[in-house]
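Novice: One structure, as structure tokens, below. Some questions next.
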Amino acid sequence: MARPASAGSRLHRLRAWVVHAFALEPAAEGFTEEERALLEKVARLVVGRRMAAPARIFLESLGPLNFIGSQALHYFSPIVGMVCDATEMDRLAAILERRTSIPVLIRLIEAEEARRCK
């Protein structure tokens, strides 16, 4: 017994929606030069204050929750904006929304720490 054409198209649309609903970000997503420079600046500030080890532990433990952390930065941006540049905080929060940002930031902190220890 043949299915009506609309049933097949509904199944196709449902399958496409399910695949899209559970898709992860592409692993090869890169950063622009400005974003990379901002992450490097954060790494320099962390290492300059001798907070590399606590920052790595914090970032590694909260890695799966990076989106929530980025939303917290958006929420506290008016307060943090009194201490540092508000546009940079907004850019940093947008960068931290991506899954790949936490491992990149950890690697930059480790590289900066190794550079300063030489």
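Following the order of the structure tokens, chains are lettered A, B, ..., residues in each are numbered from 1, and ligands are numbered from 1.
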Within 12 Å of Arg91 of chain A, counting only C-alpha atoms, which residues qualify if same-chain residues fewer than 6 places away don't, as a list in words?

Specialist: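 In the requested format, the answer is Phe31, Thr32, Glu34, Glu35, Arg36, Ala37, Leu38, Leu39, Val42, Ser70, Gln71, Leu73, His74, Ser77, Asp85, Glu97 and Arg98 of chain A.
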
Novice: Write the residues of the preceding selection, restricted to C-alpha atoms, as an mmCIF file, in the first residue's frame.

Specialist:
```cif
data_model
loop_
_atom_site.group_PDB
_atom_site.id
_atom_site.type_symbol
_atom_site.label_atom_id
_atom_site.label_comp_id
_atom_site.auth_asym_id
_atom_site.auth_seq_id
_atom_site.Cartn_x
_atom_site.Cartn_y
_atom_site.Cartn_z
ATOM 1 C CA PHE A 31 37.941 32.783 16.070
ATOM 2 C CA THR A 32 38.496 36.094 14.348
ATOM 3 C CA GLU A 34 39.894 40.408 17.288
ATOM 4 C CA GLU A 35 38.360 37.579 19.314
ATOM 5 C CA ARG A 36 41.702 35.807 19.601
ATOM 6 C CA ALA A 37 43.367 39.058 20.696
ATOM 7 C CA LEU A 38 40.724 39.527 23.400
ATOM 8 C CA LEU A 39 41.234 35.961 24.666
ATOM 9 C CA VAL A 42 42.366 37.847 29.242
ATOM 10 C CA SER A 70 28.526 33.932 29.445
ATOM 11 C CA GLN A 71 24.956 34.891 30.315
ATOM 12 C CA LEU A 73 28.687 38.157 32.213
ATOM 13 C CA HIS A 74 25.884 39.771 30.210
ATOM 14 C CA SER A 77 28.012 43.852 32.559
ATOM 15 C CA ASP A 85 35.619 48.287 29.172
ATOM 16 C CA GLU A 97 28.916 31.291 24.462
ATOM 17 C CA ARG A 98 30.753 28.958 22.091
#
```
